[in-house]
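Undergrad: I'm passing along structure02.tsv; it holds TSV, C-alpha atoms.
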chain	number	residue	atom	x	y	z
C	20	MET	CA	26.72	25.38	48.74
C	21	ALA	CA	29.09	26.82	51.31
C	22	THR	CA	28.85	25.69	54.92
C	23	LEU	CA	27.75	28.38	57.38
C	24	ARG	CA	28.79	27.96	61.02
C	25	LEU	CA	27.10	30.02	63.72
C	26	PHE	CA	28.26	30.62	67.28
C	27	GLY	CA	27.08	32.31	70.45
C	28	PRO	CA	24.33	34.89	69.89
C	29	ALA	CA	24.40	34.24	66.12
C	30	ARG	CA	23.57	30.58	66.73
C	31	VAL	CA	20.79	31.44	69.17
C	32	GLU	CA	19.16	33.98	66.85
C	33	ALA	CA	19.38	31.57	63.92
C	34	GLY	CA	18.09	28.61	65.90
C	35	GLU	CA	20.75	26.35	64.42
C	36	ALA	CA	24.52	26.03	64.43
C	37	ARG	CA	25.17	25.00	60.85
C	38	ALA	CA	23.58	25.37	57.44
C	39	GLU	CA	24.41	24.88	53.77
C	40	LEU	CA	23.73	28.06	51.83
C	41	ALA	CA	24.17	29.13	48.21
C	42	GLY	CA	26.37	32.06	47.29
C	43	ARG	CA	29.49	32.84	45.30
C	44	THR	CA	30.78	35.41	47.78
C	45	VAL	CA	30.78	35.81	51.54
C	46	GLY	CA	28.26	38.62	51.14
C	47	GLN	CA	25.87	36.43	49.14
C	48	VAL	CA	26.03	33.66	51.73
C	49	LEU	CA	25.32	36.15	54.52
C	50	GLU	CA	22.43	37.68	52.56
C	51	ALA	CA	20.91	34.22	52.17
C	52	ALA	CA	21.36	33.65	55.89
C	53	GLU	CA	19.72	36.94	56.79
C	54	VAL	CA	16.73	36.10	54.58
C	55	ARG	CA	16.44	32.73	56.29
C	56	TYR	CA	16.93	33.87	59.90
C	57	GLY	CA	15.56	37.42	59.93
C	58	GLU	CA	16.39	40.82	61.38
C	59	PRO	CA	17.60	39.84	64.90
C	60	PHE	CA	20.17	37.57	63.25
C	61	ALA	CA	21.20	40.33	60.84
C	62	ARG	CA	21.87	42.64	63.80
C	63	VAL	CA	24.23	40.06	65.31
C	64	VAL	CA	26.02	39.69	61.96
C	65	ALA	CA	26.48	43.47	61.79
C	66	SER	CA	28.50	43.39	65.03
C	67	SER	CA	30.41	40.20	64.18
C	68	GLN	CA	33.56	39.32	62.32
C	69	ILE	CA	33.23	36.87	59.43
C	70	TRP	CA	35.75	34.09	58.94
C	71	VAL	CA	36.30	31.82	55.98
C	72	ASN	CA	38.12	28.62	56.99
C	73	GLY	CA	39.37	30.31	60.16
C	74	VAL	CA	40.64	33.51	58.55
C	75	ALA	CA	39.02	36.95	58.68
C	76	ALA	CA	37.18	37.67	55.45
C	77	THR	CA	35.33	40.49	53.70
C	78	THR	CA	31.94	40.31	52.03
C	79	GLU	CA	33.62	40.47	48.60
C	80	ASP	CA	35.70	37.34	49.17
C	81	PRO	CA	34.70	34.40	46.94
C	82	VAL	CA	33.51	31.12	48.45
C	83	THR	CA	33.21	27.61	47.05
C	84	ASP	CA	31.34	24.49	48.16
C	85	GLU	CA	34.39	23.46	50.18
C	86	ASP	CA	34.55	26.69	52.18
C	87	GLU	CA	33.28	27.23	55.71
C	88	VAL	CA	31.90	30.69	56.46
C	89	ALA	CA	31.63	31.41	60.19
C	90	VAL	CA	29.88	34.24	62.03
C	91	ILE	CA	32.13	35.23	64.95
C	92	PRO	CA	30.34	37.55	67.40
C	93	PRO	CA	32.44	39.38	70.02
C	94	VAL	CA	34.25	36.74	72.07
C	95	SER	CA	34.20	36.27	75.84
C	96	GLY	CA	36.53	33.44	76.76
C	97	GLY	CA	38.78	33.26	79.77
K	30	MET	CA	46.20	12.78	84.77
K	31	THR	CA	49.00	13.35	82.34
K	32	PRO	CA	49.10	15.98	79.62
K	33	GLY	CA	48.59	13.34	76.98
K	34	GLU	CA	45.13	12.59	78.33
K	35	LEU	CA	43.96	15.97	77.14
K	36	GLN	CA	44.21	16.83	73.47
K	37	GLY	CA	47.01	18.96	72.16
K	38	ASP	CA	50.05	18.04	74.24
K	39	GLN	CA	53.05	19.14	72.19
K	40	GLY	CA	56.03	18.57	74.40
K	41	GLN	CA	56.86	21.96	75.90
K	42	ASP	CA	53.38	23.37	75.23
K	43	TRP	CA	50.20	21.90	76.68
K	44	ILE	CA	47.17	23.27	74.85
K	45	ALA	CA	43.69	21.91	75.51
K	46	VAL	CA	39.99	22.69	75.44
K	47	THR	CA	37.95	20.21	77.43
K	48	GLU	CA	34.54	19.65	79.00
K	49	ARG	CA	36.26	18.07	82.00
K	50	ALA	CA	37.49	19.83	85.15
K	51	LEU	CA	40.83	21.52	84.48
K	52	PRO	CA	43.78	19.79	86.18
K	53	VAL	CA	45.31	22.81	87.92
K	54	ASP	CA	47.64	20.86	90.21
K	55	ARG	CA	48.79	18.72	87.31
K	56	ALA	CA	49.51	21.79	85.17
K	57	LEU	CA	51.64	23.27	87.96
K	58	ALA	CA	53.60	20.05	88.39
K	59	TRP	CA	53.98	19.64	84.62
K	60	ALA	CA	55.35	23.18	84.23
K	61	THR	CA	58.14	22.52	86.71
K	62	GLU	CA	61.55	22.29	85.04
K	63	PRO	CA	65.09	22.11	86.41
K	64	GLY	CA	66.18	25.20	84.48
K	65	CYS	CA	63.23	27.29	85.63
K	66	GLY	CA	63.10	28.97	89.02
K	67	ALA	CA	59.68	30.51	88.60
K	68	ILE	CA	56.23	29.25	87.72
K	69	VAL	CA	53.21	31.50	87.49
K	70	THR	CA	49.84	29.79	87.38
K	71	PHE	CA	46.78	31.87	86.59
K	72	CYS	CA	43.32	30.41	87.09
K	73	GLY	CA	40.15	32.11	85.93
K	74	THR	CA	37.17	31.00	88.02
K	75	VAL	CA	33.42	31.40	87.67
K	76	ARG	CA	32.31	34.46	89.66
K	77	ASP	CA	28.90	34.92	91.27
K	78	HIS	CA	28.29	38.30	89.65
K	79	SER	CA	29.03	40.24	86.47
K	80	PRO	CA	28.28	43.79	85.33
K	81	GLY	CA	24.57	44.38	85.97
K	82	ARG	CA	23.97	40.78	86.98
K	83	ARG	CA	23.73	39.63	90.58
K	84	SER	CA	23.63	36.04	91.73
K	85	VAL	CA	25.24	34.43	88.70
K	86	THR	CA	24.91	30.69	89.24
K	87	SER	CA	26.52	29.15	86.17
K	88	LEU	CA	28.21	29.79	82.83
K	89	GLU	CA	28.07	27.95	79.55
K	90	TYR	CA	31.16	28.19	77.34
K	91	GLU	CA	30.59	27.65	73.62
K	92	VAL	CA	33.70	26.99	71.53
K	93	TYR	CA	34.52	26.91	67.81
K	94	PRO	CA	36.44	23.70	68.29
K	95	GLU	CA	38.28	23.54	64.96
K	96	HIS	CA	39.84	26.95	65.54
K	97	ALA	CA	40.08	27.41	69.33
K	98	ILE	CA	43.03	25.05	69.62
K	99	PRO	CA	44.98	26.61	66.71
K	100	ARG	CA	44.37	30.06	68.19
K	101	LEU	CA	45.64	28.93	71.60
K	102	GLU	CA	48.70	27.50	69.83
K	103	GLU	CA	49.24	30.90	68.19
K	104	VAL	CA	49.04	32.56	71.62
K	105	ALA	CA	51.67	30.15	72.93
K	106	ALA	CA	53.93	30.75	69.92
K	107	SER	CA	53.56	34.50	70.30
K	108	ALA	CA	54.45	34.31	74.00
K	109	ARG	CA	57.53	32.23	73.17
K	110	SER	CA	58.67	34.73	70.55
K	111	ARG	CA	58.43	37.52	73.16
K	112	TRP	CA	59.90	35.50	76.04
K	113	PRO	CA	62.25	32.92	74.46
K	114	MET	CA	63.32	31.80	77.94
K	115	ILE	CA	59.91	30.20	78.63
K	116	GLY	CA	60.35	26.59	79.66
K	117	ARG	CA	56.88	25.04	79.69
K	118	LEU	CA	53.60	26.70	78.87
K	119	ALA	CA	50.09	25.36	79.50
K	120	LEU	CA	46.95	27.03	78.13
K	121	LEU	CA	43.83	25.11	79.14
K	122	HIS	CA	40.24	26.23	78.61
K	123	ARG	CA	36.94	24.72	79.63
K	124	SER	CA	33.89	24.25	77.45
K	125	GLY	CA	30.33	23.43	78.47
K	126	ARG	CA	28.54	24.30	81.70
K	127	LEU	CA	30.43	25.46	84.82
K	128	VAL	CA	29.10	26.50	88.21
K	129	VAL	CA	30.41	29.24	90.51
K	130	GLY	CA	33.91	28.49	91.76
K	131	GLU	CA	34.92	26.16	88.95
K	132	VAL	CA	38.11	26.91	87.03
K	133	SER	CA	37.37	28.07	83.47
K	134	VAL	CA	40.90	28.76	82.23
K	135	VAL	CA	44.46	27.92	83.30
K	136	VAL	CA	47.71	29.56	82.24
K	137	ALA	CA	50.83	27.96	83.68
K	138	VAL	CA	54.25	29.16	82.58
K	139	SER	CA	57.76	28.44	83.81
K	140	THR	CA	60.78	30.66	83.24
K	141	PRO	CA	64.26	30.94	84.78
K	142	HIS	CA	63.29	34.11	86.72
K	143	ARG	CA	60.01	35.44	88.07
K	144	ALA	CA	59.60	38.68	86.12
K	145	GLU	CA	59.25	36.86	82.79
K	146	ALA	CA	56.86	34.33	84.33
K	147	PHE	CA	54.50	37.05	85.58
K	148	ASP	CA	54.72	39.07	82.37
K	149	SER	CA	54.23	36.16	79.98
K	150	ALA	CA	51.35	34.68	82.00
K	151	GLU	CA	49.57	38.05	81.96
K	152	TYR	CA	50.20	38.36	78.23
K	153	CYS	CA	48.75	34.90	77.61
K	154	ILE	CA	45.51	35.44	79.53
K	155	ASP	CA	44.99	38.95	78.15
K	156	THR	CA	45.67	37.80	74.59
K	157	LEU	CA	43.57	34.66	74.66
K	158	LYS	CA	40.56	36.62	75.89
K	159	HIS	CA	40.69	38.71	72.69
K	160	THR	CA	41.74	36.12	70.12
K	161	VAL	CA	40.19	32.71	70.84
K	162	PRO	CA	36.70	31.91	69.50
K	163	VAL	CA	34.89	31.20	72.78
K	164	TRP	CA	31.57	32.63	74.00
K	165	LYS	CA	30.31	32.82	77.57
K	166	ARG	CA	26.61	32.64	78.39
K	167	GLU	CA	25.68	33.57	81.94
K	168	THR	CA	22.78	32.32	84.00
K	169	TRP	CA	21.84	34.56	86.92
K	170	ALA	CA	18.80	35.30	89.08
K	171	GLY	CA	17.31	37.46	86.30
K	172	GLY	CA	17.75	35.12	83.36
K	173	THR	CA	20.27	33.76	80.86
K	174	ASP	CA	22.18	35.78	78.29
K	175	TRP	CA	25.56	36.29	76.65
K	176	SER	CA	28.29	38.03	78.61
K	177	TRP	CA	28.57	41.78	78.30
K	178	CYS	CA	32.33	41.45	78.75
K	179	ALA	CA	32.93	40.61	75.10
K	180	HIS	CA	35.57	41.78	72.64
K	181	GLU	CA	35.62	41.93	68.87
K	182	ILE	CA	37.90	39.06	67.95
K	183	GLU	CA	41.47	39.97	66.99
K	184	ASP	CA	44.37	38.18	65.35
K	185	VAL	CA	47.08	37.03	67.75
K	186	GLY	CA	49.95	38.94	66.15
K	187	THR	CA	53.51	38.37	67.27
Starting from the file, give its structure as structure tokens.
TA:
Amino acid sequence: MATLRLFGPARVEAGEARAELAGRTVGQVLEAAEVRYGEPFARVVASSQIWVNGVAATTEDPVTDEDEVAVIPPVSGG
Amino acid sequence: MTPGELQGDQGQDWIAVTERALPVDRALAWATEPGCGAIVTFCGTVRDHSPGRRSVTSLEYEVYPEHAIPRLEEVAASARSRWPMIGRLALLHRSGRLVVGEVSVVVAVSTPHRAEAFDSAEYCIDTLKHTVPVWKRETWAGGTDWSWCAHEIEDVGT
């Protein structure tokens, strides 16, 4: 089970900041998340970048139990 | 307060994300070096309005803590590669809830001459806004929601 980390609007739509989800690729983990959290969450994901362990990833990238997949919506620091 | 009291002090770079008030005066004093004749300090402060939102009263900054500090370190390294004459460089960012007037971000940079201090400070604030995983949620008279001034996150580059 990969760790999913959620921030900003992704966290709010999901109702939680962290989850353990099954999936052998980034895409499978995100599909599981969208089933769990629903359409508003999926819309946030569509406009977000996905990181694995702090690095930009694609949906085809493989993940293991040790990996952390993060949904990174547009940022607004400063 | 000394740099060591906030996480991330690395000698000539002072990188921190903290829920405490940012030590602006301390950053200015810390950036002062004998070989540097210029210090530019930029402070971002909480404003009482944003696009389409009047009477903003507070902000909440959410941070991806494990990666915000490394990203700020990348910004500092990138600035140093572009302006090798930089003496000291502080990049400090708040997390948590801030009210109008509070300082949300500090860039303090010292260089031998002023042109490089202005240019590198502007580069640092512009770059960190696009590269560091931080999210701003605004509370105003009409409600609470995420900032409309958001950017798809980018890599720092060199």
Undergrad: I need the chain C residues near chain K as an MDAnalysis selection string; criterion: at most 12 Å, counting all atoms listed in the file.
TA: chainID C and resid 24:32 36:37 65:75 87 89:97
Undergrad: Can you list, as a ChimeraX atom specification, every protein, DNA or RNA residue that comes within 9 Å of Arg83 (chain K) when you count only C-alpha atoms, leaving out same-chain residues fewer than 4 positions away?
TA: /K:77-79,169-171
Undergrad: Those same residues, written as a PDB file, keeping the file's coordinate frame with C-alpha atoms?
TA:
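What ended up in again.pdb:
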ATOM      1  CA  ASP K  77      28.900  34.920  91.270  1.00  0.00           C
ATOM      2  CA  HIS K  78      28.290  38.300  89.650  1.00  0.00           C
ATOM      3  CA  SER K  79      29.030  40.240  86.470  1.00  0.00           C
ATOM      4  CA  TRP K 169      21.840  34.560  86.920  1.00  0.00           C
ATOM      5  CA  ALA K 170      18.800  35.300  89.080  1.00  0.00           C
ATOM      6  CA  GLY K 171      17.310  37.460  86.300  1.00  0.00           C
TER       7      GLY K 171
END
Undergrad: Region 50-64 of chain K: which residues within 12 Å, counting all atoms listed in the file, same-chain residues fewer than 3 positions away excluded, as a ChimeraX atom specification?
TA: /K:30-35,38,40-47,67-74,114-128,130-142,146
Undergrad: Between CA of Gln47 (chain C) and CA of Thr83 (chain C), what is the distance in Å, rounded to a tenth?
TA: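 Interatomic distance, CA of Gln47 (chain C) to CA of Thr83 (chain C): 11.7 Å.
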Undergrad: Taking 6 positions as the minimum chain separation for residues in the same chain, which residues sit within 8 Å of Gly42 (chain C) when counting all atoms listed in the file? Answer as a ChimeraX atom specification.
TA: /C:20-21,48,51,82
Undergrad: For the atom pair CA of Val63 (chain C) and CA of Glu103 (chain K), what is the interatomic distance in Å to one decimal place?
TA: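 Distance reported for this atom pair: 26.8 Å.
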